[in-house]
>>> print(open('model-v6.tsv').read())   # TSV, C-alpha atoms and all ligand atoms
chain	number	residue	atom	x	y	z
A	1419	MET	CA	32.40	-27.10	-79.29
A	1420	LYS	CA	31.85	-27.33	-75.55
A	1421	TYR	CA	31.90	-30.95	-74.40
A	1422	ARG	CA	29.73	-32.06	-71.50
A	1423	ARG	CA	30.97	-33.65	-68.31
A	1424	LEU	CA	29.15	-36.90	-67.60
A	1425	GLY	CA	28.77	-36.38	-63.87
A	1426	ARG	CA	31.25	-38.01	-61.53
A	1427	THR	CA	32.69	-40.21	-64.27
A	1428	ASN	CA	34.46	-37.00	-65.34
A	1429	ILE	CA	34.19	-38.25	-68.91
A	1430	GLU	CA	33.94	-35.30	-71.29
A	1431	VAL	CA	31.51	-36.08	-74.08
A	1432	PHE	CA	30.25	-34.43	-77.23
A	1433	PRO	CA	26.77	-33.00	-76.47
A	1434	VAL	CA	25.10	-35.77	-78.46
A	1435	ALA	CA	25.85	-39.47	-77.99
A	1436	PHE	CA	25.21	-42.21	-80.53
A	1437	GLY	CA	22.20	-44.39	-79.74
A	1438	GLY	CA	22.91	-47.92	-80.97
A	1439	ILE	CA	19.40	-49.34	-81.42
A	1440	PRO	CA	18.65	-48.49	-85.08
A	1441	ILE	CA	21.92	-49.82	-86.54
A	1442	GLN	CA	20.36	-53.24	-86.04
A	1443	ARG	CA	18.18	-52.45	-89.05
A	1444	VAL	CA	20.95	-51.73	-91.54
A	1445	GLY	CA	23.67	-53.97	-92.93
A	1446	MET	CA	27.19	-54.14	-91.54
A	1447	ASP	CA	28.76	-51.87	-94.18
A	1448	GLU	CA	26.15	-49.16	-93.72
A	1449	ALA	CA	26.33	-49.36	-89.91
A	1450	VAL	CA	30.11	-49.03	-90.02
A	1451	LYS	CA	29.85	-45.95	-92.27
A	1452	VAL	CA	27.25	-44.31	-90.03
A	1453	ILE	CA	29.22	-44.89	-86.83
A	1454	ARG	CA	32.49	-43.72	-88.40
A	1455	ARG	CA	30.82	-40.55	-89.67
A	1456	ALA	CA	29.56	-39.87	-86.15
A	1457	ILE	CA	33.06	-40.29	-84.73
A	1458	GLU	CA	34.53	-38.15	-87.49
A	1459	LEU	CA	32.13	-35.34	-86.56
A	1460	GLY	CA	33.11	-35.50	-82.90
A	1461	ILE	CA	30.67	-37.92	-81.27
A	1462	ASN	CA	32.65	-39.85	-78.66
A	1463	LEU	CA	30.06	-41.82	-76.68
A	1464	ILE	CA	28.24	-44.80	-78.17
A	1465	ASP	CA	25.40	-46.47	-76.30
A	1466	THR	CA	24.41	-50.04	-76.99
A	1467	ALA	CA	23.09	-53.12	-75.19
A	1468	ARG	CA	23.28	-56.91	-75.13
A	1469	ALA	CA	19.60	-56.79	-76.07
A	1470	TYR	CA	20.22	-54.90	-79.35
A	1471	SER	CA	21.06	-58.06	-81.35
A	1472	ASP	CA	24.20	-57.34	-83.44
A	1473	SER	CA	24.60	-53.67	-82.41
A	1474	GLU	CA	27.70	-54.37	-80.28
A	1475	ILE	CA	29.32	-56.35	-83.10
A	1476	LYS	CA	28.68	-53.56	-85.63
A	1477	ILE	CA	30.24	-51.07	-83.22
A	1478	ARG	CA	33.32	-53.30	-82.91
A	1479	GLU	CA	33.71	-53.37	-86.68
A	1480	ALA	CA	33.28	-49.60	-86.92
A	1481	LEU	CA	35.92	-48.97	-84.26
A	1482	LYS	CA	38.58	-51.03	-86.04
A	1483	GLY	CA	41.37	-48.68	-87.02
A	1484	VAL	CA	39.77	-45.65	-85.33
A	1485	ASP	CA	42.40	-43.85	-83.29
A	1486	LYS	CA	40.13	-41.36	-81.49
A	1487	ARG	CA	39.05	-42.09	-77.90
A	1488	VAL	CA	35.49	-43.34	-78.10
A	1489	TYR	CA	33.65	-44.19	-74.89
A	1490	ILE	CA	31.28	-47.14	-74.90
A	1491	SER	CA	28.26	-47.79	-72.78
A	1492	SER	CA	26.50	-51.15	-72.93
A	1493	LYS	CA	23.89	-52.81	-70.78
A	1494	SER	CA	22.38	-56.10	-69.69
A	1495	GLN	CA	18.87	-57.14	-68.72
A	1496	ASN	CA	20.22	-60.00	-66.64
A	1497	ARG	CA	19.20	-59.56	-63.02
A	1498	THR	CA	21.60	-61.96	-61.30
A	1499	ARG	CA	25.15	-61.47	-60.05
A	1500	ASP	CA	26.63	-64.32	-62.13
A	1501	GLY	CA	24.40	-63.68	-65.14
A	1502	VAL	CA	25.34	-60.05	-65.55
A	1503	LEU	CA	29.05	-60.85	-65.22
A	1504	GLU	CA	28.65	-63.35	-68.05
A	1505	ASP	CA	26.91	-60.66	-70.10
A	1506	VAL	CA	29.75	-58.20	-69.48
A	1507	LYS	CA	32.17	-60.83	-70.83
A	1508	ILE	CA	30.00	-61.35	-73.93
A	1509	SER	CA	29.81	-57.57	-74.45
A	1510	LEU	CA	33.61	-57.32	-74.18
A	1511	LYS	CA	34.01	-60.01	-76.82
A	1512	ASN	CA	31.33	-58.53	-79.09
A	1513	LEU	CA	32.81	-55.06	-78.80
A	1514	GLY	CA	36.40	-56.27	-79.15
A	1515	VAL	CA	37.63	-54.28	-76.16
A	1516	GLU	CA	39.31	-55.17	-72.88
A	1517	LYS	CA	37.24	-52.81	-70.78
A	1518	ILE	CA	33.84	-51.15	-71.21
A	1519	ASP	CA	33.64	-47.59	-69.92
A	1520	ILE	CA	30.05	-47.64	-68.67
A	1521	TYR	CA	27.90	-50.72	-68.04
A	1522	GLN	CA	24.23	-50.39	-67.22
A	1523	LEU	CA	21.58	-52.49	-65.59
A	1524	HIS	CA	19.07	-52.30	-68.42
A	1525	GLY	CA	15.47	-51.29	-67.84
A	1526	VAL	CA	15.06	-51.37	-64.05
A	1527	ASN	CA	11.50	-50.18	-64.43
A	1528	ASP	CA	9.61	-51.60	-61.47
A	1529	ARG	CA	10.01	-52.51	-57.83
A	1530	ASP	CA	10.49	-56.19	-58.57
A	1531	ALA	CA	13.44	-55.45	-60.89
A	1532	PHE	CA	14.79	-52.93	-58.35
A	1533	GLU	CA	14.79	-55.51	-55.58
A	1534	ARG	CA	16.23	-58.25	-57.74
A	1535	VAL	CA	19.21	-56.23	-58.99
A	1536	LEU	CA	20.07	-54.98	-55.51
A	1537	ALA	CA	19.71	-58.32	-53.72
A	1538	PRO	CA	23.03	-59.82	-52.50
A	1539	ASP	CA	23.04	-62.17	-55.50
A	1540	GLY	CA	21.67	-59.44	-57.78
A	1541	ALA	CA	23.09	-57.88	-60.93
A	1542	TYR	CA	24.39	-54.74	-59.22
A	1543	TYR	CA	26.89	-56.87	-57.32
A	1544	GLY	CA	27.81	-58.64	-60.56
A	1545	LEU	CA	28.76	-55.24	-61.99
A	1546	LEU	CA	30.78	-54.51	-58.86
A	1547	ASP	CA	32.62	-57.80	-59.44
A	1548	ALA	CA	33.19	-56.75	-63.07
A	1549	LYS	CA	34.56	-53.42	-61.89
A	1550	GLU	CA	36.90	-55.08	-59.42
A	1551	LYS	CA	38.16	-57.37	-62.17
A	1552	GLY	CA	38.88	-54.31	-64.33
A	1553	LEU	CA	36.27	-55.24	-66.95
A	1554	ILE	CA	34.22	-52.03	-66.63
A	1555	ASP	CA	34.89	-48.55	-65.32
A	1556	PHE	CA	31.51	-47.17	-64.23
A	1557	ILE	CA	28.26	-48.74	-63.08
A	1558	ALA	CA	25.04	-47.30	-64.48
A	1559	VAL	CA	21.36	-48.05	-64.72
A	1560	SER	CA	18.56	-47.28	-67.15
A	1561	SER	CA	14.91	-46.90	-66.23
A	1562	HIS	CA	11.66	-45.60	-67.66
A	1563	SER	CA	10.10	-45.01	-64.27
A	1564	THR	CA	10.61	-41.72	-62.43
A	1565	ASP	CA	9.63	-43.32	-59.09
A	1566	ILE	CA	12.18	-46.09	-59.47
A	1567	LEU	CA	14.81	-43.64	-60.72
A	1568	GLU	CA	14.42	-41.66	-57.52
A	1569	GLU	CA	15.01	-44.82	-55.49
A	1570	LEU	CA	17.97	-45.83	-57.64
A	1571	ILE	CA	19.56	-42.41	-57.15
A	1572	ARG	CA	18.99	-42.59	-53.38
A	1573	THR	CA	21.08	-45.77	-53.19
A	1574	ASP	CA	24.06	-43.72	-54.45
A	1575	LYS	CA	25.37	-46.83	-56.18
A	1576	PHE	CA	25.29	-45.55	-59.76
A	1577	ASP	CA	27.66	-43.19	-61.55
A	1578	VAL	CA	25.33	-42.67	-64.52
A	1579	ILE	CA	21.60	-42.99	-65.07
A	1580	GLN	CA	19.84	-43.27	-68.41
A	1581	LEU	CA	16.29	-41.99	-68.57
A	1582	CYS	CA	13.62	-40.96	-71.08
A	1583	TYR	CA	13.54	-37.23	-71.71
A	1584	ASN	CA	11.87	-35.20	-74.40
A	1585	PHE	CA	9.42	-32.31	-74.44
A	1586	ILE	CA	6.49	-34.63	-73.86
A	1587	GLU	CA	8.12	-36.79	-71.20
A	1588	THR	CA	9.27	-34.04	-68.83
A	1589	LYS	CA	8.42	-35.53	-65.44
A	1590	VAL	CA	12.10	-36.17	-64.69
A	1591	GLU	CA	12.66	-32.41	-64.59
A	1592	GLU	CA	10.81	-32.13	-61.26
A	1593	ARG	CA	12.74	-34.41	-58.92
A	1594	VAL	CA	15.01	-36.81	-60.80
A	1595	PHE	CA	17.26	-34.15	-62.35
A	1596	PRO	CA	17.86	-32.23	-59.08
A	1597	MET	CA	18.47	-35.47	-57.15
A	1598	ALA	CA	20.94	-36.76	-59.74
A	1599	LEU	CA	22.75	-33.43	-59.94
A	1600	GLU	CA	23.06	-33.25	-56.20
A	1601	LYS	CA	24.90	-36.59	-56.22
A	1602	ASP	CA	26.87	-35.63	-59.34
A	1603	ILE	CA	25.45	-38.57	-61.30
A	1604	GLY	CA	25.88	-38.39	-65.07
A	1605	ILE	CA	22.67	-38.38	-67.10
A	1606	ILE	CA	22.14	-39.91	-70.53
A	1607	GLY	CA	18.81	-38.93	-72.09
A	1608	MET	CA	17.19	-41.64	-74.18
A	1609	LYS	CA	14.32	-41.03	-76.61
A	1610	PRO	CA	15.14	-37.33	-77.12
A	1611	ILE	CA	13.04	-37.46	-80.25
A	1612	GLY	CA	10.47	-39.80	-78.77
A	1613	GLY	CA	12.00	-42.90	-80.36
A	1614	GLY	CA	11.75	-41.23	-83.77
A	1615	VAL	CA	8.03	-40.41	-83.61
A	1616	MET	CA	8.33	-36.64	-83.03
A	1617	PRO	CA	7.30	-34.67	-86.13
A	1618	ASN	CA	10.14	-32.14	-85.74
A	1619	PRO	CA	13.24	-34.14	-84.70
A	1620	ALA	CA	15.65	-31.18	-84.81
A	1621	LEU	CA	13.47	-29.11	-82.49
A	1622	SER	CA	12.96	-32.08	-80.17
A	1623	LEU	CA	16.70	-32.60	-79.88
A	1624	LYS	CA	17.27	-28.88	-79.43
A	1625	TYR	CA	14.82	-28.87	-76.51
A	1626	VAL	CA	16.67	-31.69	-74.73
A	1627	LEU	CA	20.07	-30.13	-75.42
A	1628	GLN	CA	19.05	-27.05	-73.43
A	1629	LYS	CA	19.87	-29.08	-70.32
A	1630	GLU	CA	23.64	-28.81	-70.38
A	1631	PHE	CA	24.10	-31.41	-67.64
A	1632	LEU	CA	22.61	-34.13	-69.84
A	1633	VAL	CA	23.78	-36.02	-72.91
A	1634	PRO	CA	20.99	-37.23	-75.22
A	1635	ASP	CA	21.63	-40.33	-77.33
A	1636	PRO	CA	19.24	-40.34	-80.28
A	1637	GLY	CA	19.30	-43.56	-82.28
A	1638	MET	CA	20.88	-43.17	-85.70
A	1639	GLU	CA	20.95	-45.43	-88.72
A	1640	ALA	CA	21.79	-43.02	-91.57
A	1641	ILE	CA	24.59	-40.56	-92.22
A	1642	LYS	CA	22.10	-37.76	-92.81
A	1643	GLU	CA	20.64	-38.32	-89.31
A	1644	VAL	CA	24.13	-38.17	-87.79
A	1645	GLU	CA	24.93	-34.95	-89.63
A	1646	GLU	CA	21.62	-33.36	-88.66
A	1647	ASN	CA	21.98	-34.26	-84.98
A	1648	VAL	CA	25.53	-32.93	-84.90
A	1649	ARG	CA	24.41	-29.74	-86.65
A	1650	VAL	CA	21.71	-29.19	-84.02
A	1651	ALA	CA	24.30	-29.60	-81.26
A	1652	MET	CA	26.89	-27.35	-82.93
A	1653	GLU	CA	24.39	-24.58	-83.68
A	1654	LEU	CA	22.63	-24.77	-80.33
A	1655	THR	CA	20.91	-21.58	-79.24
A	1656	GLU	CA	18.10	-20.86	-76.80
A	1657	ILE	CA	14.61	-21.92	-77.86
A	1658	THR	CA	12.79	-19.01	-79.47
A	1659	SER	CA	9.19	-18.05	-78.71
A	1660	GLU	CA	8.15	-19.35	-82.16
A	1661	GLU	CA	9.80	-22.68	-81.34
A	1662	TYR	CA	7.99	-22.83	-78.00
A	1663	GLU	CA	4.73	-22.31	-79.87
A	1664	GLU	CA	5.65	-25.19	-82.18
A	1665	ILE	CA	6.49	-27.36	-79.16
A	1666	GLU	CA	3.10	-26.57	-77.64
A	1667	ARG	CA	1.39	-27.43	-80.93
A	1668	ILE	CA	3.19	-30.79	-81.09
A	1669	ARG	CA	2.44	-31.44	-77.41
A	1670	LYS	CA	-1.25	-30.94	-78.13
A	1671	GLU	CA	-1.10	-33.06	-81.26
A	1672	LEU	CA	0.70	-36.00	-79.63
A	1673	GLY	CA	-0.38	-35.45	-76.05
A	1674	SER	CA	-3.58	-37.44	-76.36
A	1675	THR	CA	-1.88	-40.49	-77.89
A	1676	PHE	CA	1.71	-40.46	-76.61
A	1677	CYS	CA	2.34	-43.12	-73.98
A	1678	ARG	CA	4.83	-41.99	-71.30
A	1679	ARG	CA	5.55	-45.58	-70.17
A	1680	CYS	CA	4.63	-44.81	-66.57
A	1681	GLU	CA	2.88	-48.23	-66.30
A	1682	TYR	CA	0.14	-46.85	-64.03
A	1683	CYS	CA	-2.41	-48.57	-66.31
A	1684	GLN	CA	-1.12	-52.01	-65.32
A	1685	PRO	CA	-1.98	-54.73	-64.55
A	1686	CYS	CA	-4.27	-55.55	-67.46
A	1687	PRO	CA	-6.51	-58.55	-66.71
A	1688	GLN	CA	-5.63	-59.96	-70.14
A	1689	GLY	CA	-1.92	-59.61	-69.44
A	1690	ILE	CA	-1.47	-57.13	-72.29
A	1691	PRO	CA	1.85	-55.25	-72.09
A	1692	ILE	CA	0.08	-51.99	-72.86
A	1693	THR	CA	3.16	-49.78	-73.26
A	1694	SER	CA	4.75	-52.13	-75.79
A	1695	ILE	CA	1.63	-51.92	-77.94
A	1696	MET	CA	1.22	-48.17	-77.48
A	1697	ARG	CA	4.82	-47.70	-78.67
A	1698	ALA	CA	4.43	-50.05	-81.63
A	1699	LYS	CA	5.15	-47.35	-84.24
A	1700	ASP	CA	8.40	-46.52	-82.50
A	1701	PHE	CA	9.51	-50.18	-82.49
A	1702	MET	CA	8.38	-50.81	-86.08
A	1703	LYS	CA	10.37	-47.78	-87.19
A	1704	ARG	CA	13.58	-48.70	-85.41
A	1705	LEU	CA	13.87	-52.48	-85.16
A	1706	PRO	CA	14.33	-55.16	-87.83
A	1707	LYS	CA	11.08	-56.88	-88.82
A	1708	GLU	CA	12.48	-60.39	-88.29
A	1709	ASN	CA	13.46	-59.54	-84.68
A	1710	LEU	CA	9.99	-58.18	-84.01
A	1711	ARG	CA	8.36	-61.25	-85.52
A	1712	ASN	CA	10.36	-63.64	-83.35
A	1713	GLY	CA	10.24	-62.20	-79.89
A	1714	TRP	CA	8.50	-60.26	-77.17
A	1715	PHE	CA	6.92	-57.80	-79.60
A	1716	TYR	CA	5.01	-60.51	-81.47
A	1717	GLU	CA	3.89	-62.05	-78.18
A	1718	ALA	CA	2.65	-58.63	-77.04
A	1719	TYR	CA	0.78	-58.24	-80.31
A	1720	LEU	CA	-0.90	-61.65	-79.91
A	1721	LYS	CA	-1.96	-60.74	-76.38
A	1722	ALA	CA	-3.22	-57.34	-77.50
A	1723	GLN	CA	-5.67	-59.05	-79.84
A	1724	ASN	CA	-7.43	-60.28	-76.68
A	1725	CYS	CA	-8.26	-56.80	-75.42
A	1726	THR	CA	-11.85	-57.05	-74.19
A	1727	LYS	CA	-12.25	-53.25	-73.94
A	1728	CYS	CA	-13.06	-53.79	-70.27
A	1729	GLU	CA	-11.71	-50.27	-69.60
A	1730	THR	CA	-10.00	-51.30	-66.34
A	1731	CYS	CA	-6.93	-49.43	-67.56
A	1732	LEU	CA	-8.73	-46.22	-68.53
A	1733	PRO	CA	-9.09	-44.42	-65.19
A	1734	ARG	CA	-5.56	-45.38	-64.21
A	1735	CYS	CA	-3.90	-43.41	-67.01
A	1736	PRO	CA	-2.92	-39.96	-65.70
A	1737	TYR	CA	-2.79	-38.66	-69.27
A	1738	LYS	CA	-6.30	-39.85	-70.04
A	1739	LEU	CA	-5.19	-41.80	-73.09
A	1740	PRO	CA	-8.01	-43.76	-74.75
A	1741	ILE	CA	-6.08	-46.99	-74.19
A	1742	PRO	CA	-8.53	-49.59	-75.59
A	1743	ASP	CA	-8.98	-47.57	-78.81
A	1744	LEU	CA	-5.23	-47.06	-79.14
A	1745	ILE	CA	-4.67	-50.78	-78.58
A	1746	GLU	CA	-7.13	-51.57	-81.37
A	1747	GLU	CA	-5.54	-49.00	-83.69
A	1748	ASN	CA	-2.04	-50.29	-83.03
A	1749	VAL	CA	-3.06	-53.92	-83.48
A	1750	LYS	CA	-4.31	-52.95	-86.98
A	1751	LEU	CA	-1.02	-51.18	-87.76
A	1752	ILE	CA	1.02	-54.16	-86.57
A	1753	LYS	CA	-1.13	-56.52	-88.67
A	1754	GLU	CA	-0.40	-54.40	-91.74
A	1755	PHE	CA	3.29	-54.24	-90.84
A	1756	PHE	CA	3.51	-58.04	-90.76
A	1757	GLY	CA	1.33	-58.32	-93.86
A	1758	GLU	CA	-1.24	-60.48	-92.05
B	1	LIG	S1	-9.30	-52.40	-71.95
B	1	LIG	FE1	-7.95	-53.90	-72.88
B	1	LIG	S2	-5.93	-53.16	-72.37
B	1	LIG	FE2	-7.33	-52.12	-70.97
B	1	LIG	S3	-7.36	-53.41	-69.15
B	1	LIG	FE3	-9.06	-54.07	-70.45
B	1	LIG	S4	-8.21	-55.74	-71.67
B	1	LIG	FE4	-6.47	-54.64	-70.79
B	2	LIG	S1	-1.08	-45.82	-71.26
B	2	LIG	FE1	-1.11	-44.12	-69.81
B	2	LIG	S2	-0.87	-45.12	-67.81
B	2	LIG	FE2	-0.28	-46.62	-69.34
B	2	LIG	S3	1.93	-46.41	-69.48
B	2	LIG	FE3	1.04	-45.13	-71.08
B	2	LIG	S4	0.86	-43.13	-70.21
B	2	LIG	FE4	1.17	-44.53	-68.50
>>> encode(input="model-v6.tsv", output="structure tokens", more="lines below")
Ligand code: SF4
Ligand code: SF4
Amino acid sequence: MKYRRLGRTNIEVFPVAFGGIPIQRVGMDEAVKVIRRAIELGINLIDTARAYSDSEIKIREALKGVDKRVYISSKSQNRTRDGVLEDVKISLKNLGVEKIDIYQLHGVNDRDAFERVLAPDGAYYGLLDAKEKGLIDFIAVSSHSTDILEELIRTDKFDVIQLCYNFIETKVEERVFPMALEKDIGIIGMKPIGGGVMPNPALSLKYVLQKEFLVPDPGMEAIKEVEENVRVAMELTEITSEEYEEIERIRKELGSTFCRRCEYCQPCPQGIPITSIMRAKDFMKRLPKENLRNGWFYEAYLKAQNCTKCETCLPRCPYKLPIPDLIEENVKLIKEFFGE
């Protein structure tokens, strides 16, 4: 098995990393089994975040007694210098380690977040402090926005970037990939199977794995998912013409409803976080119901009920998604999900 070099970190990783969002949904024993199976099969990079409730703690439990070298990447949404340093310390405690290999600024998706993290009292400098104190090895950033990713890469401050990449969200291929490669920045690919909504997960992962400079980190919560993802990586071949036809079919099927999180439709006069609602199925599939009921997702759902169908958002969407109809449809699905 050919491992992949994660850019200038020089870390050699198995071609698939372990995405730590879905283990929030399963109990401790199950999460430990799933993570250990992944490590047993060769996976050596686990991605998590302060925002993923008990994900870091489950990873700590799974790593107890494991003697293989497993790299950990965590992240914080805190935007301030002191705040992010505090988060690094909490992550260290949660994960039960003395140093975290890669620490990311989580979700720097817009200009406001970009400016806040790079201000003199911003989170980037908190991560530099953490690095100087020996608490982390590499500074990274995650973003859903190709425009912001380009700006983040230009700063040359990040060793690794984490971005959305799958055969529907391919915009990063144009400029972000070449820019990152030129600066030898490692790339972690989130949502390789569209957050679990792609109808053919193995083919979706296979598509992303074609880019040998990138390490996708599909979320996993079951041993069978781990084994399947590892199998796809181990048996990787070029995409066949039949598979390309299947990809085109899925693109057509999902293309008119799949939100690429570009945020061009914003701002909504009702303050509706449109992308959160458009991706409701993805969240409902991967996150525990009680977390969704008690946080930002429920607030987004309440706001979405106020959609006036004003259509302000419609012409702004480059993919011509019927946003007001999709909002209505998703509000119904969320209602059913919560049993309301
Ligand atoms: S149609 Fe709904 S979601 Fe779109 S801008 Fe108007 S209120 Fe917001
Ligand atoms: S609805 Fe359209 S414009 Fe809005 S984030 Fe999704 S893809 Fe982008």
>>> closest_residue(input="model-v6.tsv", among="A:Asp1519, A:Glu1681, A:Glu1458, A:Asp1528", to="Glu1569 (chain A)", atoms="all atoms listed in the file")
A:Asp1528
>>> closest_residue(input="model-v6.tsv", among="A:Leu1627, A:Lys1482, A:Glu1639, A:Lys1511", to="Met1652 (chain A)", atoms="all atoms listed in the file")
A:Leu1627
>>> residues_near_ligand(input="model-v6.tsv", ligand="ligand LIG 1 (chain B)", cutoff="12 Å", atoms="only C-alpha atoms and all ligand atoms", output="PyMOL selection string")
chain A and resi 1681-1696+1718-1719+1721-1735+1739-1746+1748-1749
>>> atom_distance(input="model-v6.tsv", atom1="CA of Met1597 (chain A)", atom2="CA of Ala1651 (chain A)")
25.5 Å
>>> atom_distance(input="model-v6.tsv", atom1="CA of Gly1604 (chain A)", atom2="CA of Arg1678 (chain A)")
22.2 Å
>>> closest_residue(input="model-v6.tsv", among="A:Arg1529, A:Arg1497, A:Arg1454, A:Gln1522", to="Asp1485 (chain A)", atoms="all atoms listed in the file")
A:Arg1454
>>> atom_distance(input="model-v6.tsv", atom1="CA of Leu1463 (chain A)", atom2="CA of Ser1492 (chain A)")
10.7 Å
>>> residues_around(input="model-v6.tsv", residues="region 1421-1428 of chain A", least_positions_apart="2", cutoff="9 Å", atoms="all atoms listed in the file", output="PDB file with C-alpha atoms, keeping the file's coordinate frame")
ATOM      1  CA  MET A1419      32.400 -27.100 -79.290  1.00  0.00           C
ATOM      2  CA  GLU A1430      33.940 -35.300 -71.290  1.00  0.00           C
ATOM      3  CA  VAL A1431      31.510 -36.080 -74.080  1.00  0.00           C
ATOM      4  CA  PHE A1432      30.250 -34.430 -77.230  1.00  0.00           C
ATOM      5  CA  PRO A1433      26.770 -33.000 -76.470  1.00  0.00           C
ATOM      6  CA  ASP A1555      34.890 -48.550 -65.320  1.00  0.00           C
ATOM      7  CA  PHE A1556      31.510 -47.170 -64.230  1.00  0.00           C
ATOM      8  CA  ASP A1577      27.660 -43.190 -61.550  1.00  0.00           C
ATOM      9  CA  VAL A1578      25.330 -42.670 -64.520  1.00  0.00           C
ATOM     10  CA  ALA A1598      20.940 -36.760 -59.740  1.00  0.00           C
ATOM     11  CA  LEU A1599      22.750 -33.430 -59.940  1.00  0.00           C
ATOM     12  CA  LYS A1601      24.900 -36.590 -56.220  1.00  0.00           C
ATOM     13  CA  ASP A1602      26.870 -35.630 -59.340  1.00  0.00           C
ATOM     14  CA  ILE A1603      25.450 -38.570 -61.300  1.00  0.00           C
ATOM     15  CA  GLY A1604      25.880 -38.390 -65.070  1.00  0.00           C
ATOM     16  CA  ILE A1605      22.670 -38.380 -67.100  1.00  0.00           C
ATOM     17  CA  ILE A1606      22.140 -39.910 -70.530  1.00  0.00           C
ATOM     18  CA  GLU A1630      23.640 -28.810 -70.380  1.00  0.00           C
ATOM     19  CA  PHE A1631      24.100 -31.410 -67.640  1.00  0.00           C
ATOM     20  CA  LEU A1632      22.610 -34.130 -69.840  1.00  0.00           C
ATOM     21  CA  VAL A1633      23.780 -36.020 -72.910  1.00  0.00           C
TER      22      VAL A1633
END
>>> residues_near_point(input="model-v6.tsv", point="(9.4, -57.8, -83.5)", cutoff="12 Å", atoms="only C-alpha atoms", output="ChimeraX atom specification")
/A:1443,1470-1471,1694-1695,1698-1720,1752-1753,1755-1756
>>> closest_residue(input="model-v6.tsv", among="A:Arg1593, A:Lys1507, A:Lys1420, A:Arg1679", to="Leu1567 (chain A)", atoms="all atoms listed in the file")
A:Arg1593
>>> closest_residue(input="model-v6.tsv", among="A:Leu1581, A:Thr1564, A:Arg1499, A:Met1638", to="ligand LIG 2 (chain B)", atoms="all atoms listed in the file")
A:Thr1564
>>> residues_around(input="model-v6.tsv", residues="Ala1531 (chain A)", least_positions_apart="3", cutoff="12 Å", atoms="only C-alpha atoms", output="JSON, numbers by chain")
{"A": [1495, 1496, 1497, 1498, 1523, 1524, 1525, 1526, 1527, 1528, 1534, 1535, 1536, 1537, 1540, 1541, 1542, 1559, 1560, 1561, 1563, 1566, 1567, 1570]}
>>> residues_around(input="model-v6.tsv", residues="Val1484 (chain A)", least_positions_apart="5", cutoff="12 Å", atoms="all atoms listed in the file", output="compact mmCIF listing (two decimals) with C-alpha atoms, in the frame of the given file")
# COMPACT_ATOMS: atom_id res chain seq x y z
CA VAL A 1450 30.11 -49.03 -90.02
CA ILE A 1453 29.22 -44.89 -86.83
CA ARG A 1454 32.49 -43.72 -88.40
CA ARG A 1455 30.82 -40.55 -89.67
CA ALA A 1456 29.56 -39.87 -86.15
CA ILE A 1457 33.06 -40.29 -84.73
CA GLU A 1458 34.53 -38.15 -87.49
CA ASN A 1462 32.65 -39.85 -78.66
CA ILE A 1477 30.24 -51.07 -83.22
CA ARG A 1478 33.32 -53.30 -82.91
CA GLU A 1479 33.71 -53.37 -86.68
>>> closest_residue(input="model-v6.tsv", among="A:His1562, A:Arg1669, A:Lys1609, A:Lys1493", to="Ala1469 (chain A)", atoms="only C-alpha atoms")
A:Lys1493
>>> decode(input="model-v6.tsv", residues="region 1506-1516 of chain A", atoms="N, CA and C atoms", output="compact mmCIF listing (two decimals), in the first residue's frame")
# COMPACT_ATOMS: atom_id res chain seq x y z
N VAL A 1506 -6.89 24.47 22.26
CA VAL A 1506 -5.83 23.47 22.04
C VAL A 1506 -5.60 22.69 23.34
N LYS A 1507 -5.59 23.41 24.46
CA LYS A 1507 -5.34 22.74 25.75
C LYS A 1507 -6.48 21.77 26.09
N ILE A 1508 -7.72 22.18 25.76
CA ILE A 1508 -8.86 21.27 26.01
C ILE A 1508 -8.74 20.05 25.10
N SER A 1509 -8.37 20.28 23.84
CA SER A 1509 -8.21 19.15 22.91
C SER A 1509 -7.14 18.18 23.42
N LEU A 1510 -6.03 18.73 23.92
CA LEU A 1510 -4.94 17.87 24.43
C LEU A 1510 -5.45 16.99 25.56
N LYS A 1511 -6.23 17.61 26.43
CA LYS A 1511 -6.78 16.86 27.59
C LYS A 1511 -7.78 15.81 27.09
N ASN A 1512 -8.68 16.24 26.23
CA ASN A 1512 -9.69 15.30 25.70
C ASN A 1512 -9.04 14.12 24.99
N LEU A 1513 -8.01 14.43 24.23
CA LEU A 1513 -7.37 13.38 23.43
C LEU A 1513 -6.33 12.58 24.22
N GLY A 1514 -5.97 13.08 25.40
CA GLY A 1514 -5.01 12.37 26.24
C GLY A 1514 -3.62 12.31 25.64
N VAL A 1515 -3.23 13.38 24.95
CA VAL A 1515 -1.89 13.40 24.34
C VAL A 1515 -1.16 14.68 24.79
N GLU A 1516 0.15 14.68 24.59
CA GLU A 1516 0.93 15.86 24.99
C GLU A 1516 1.12 16.83 23.84
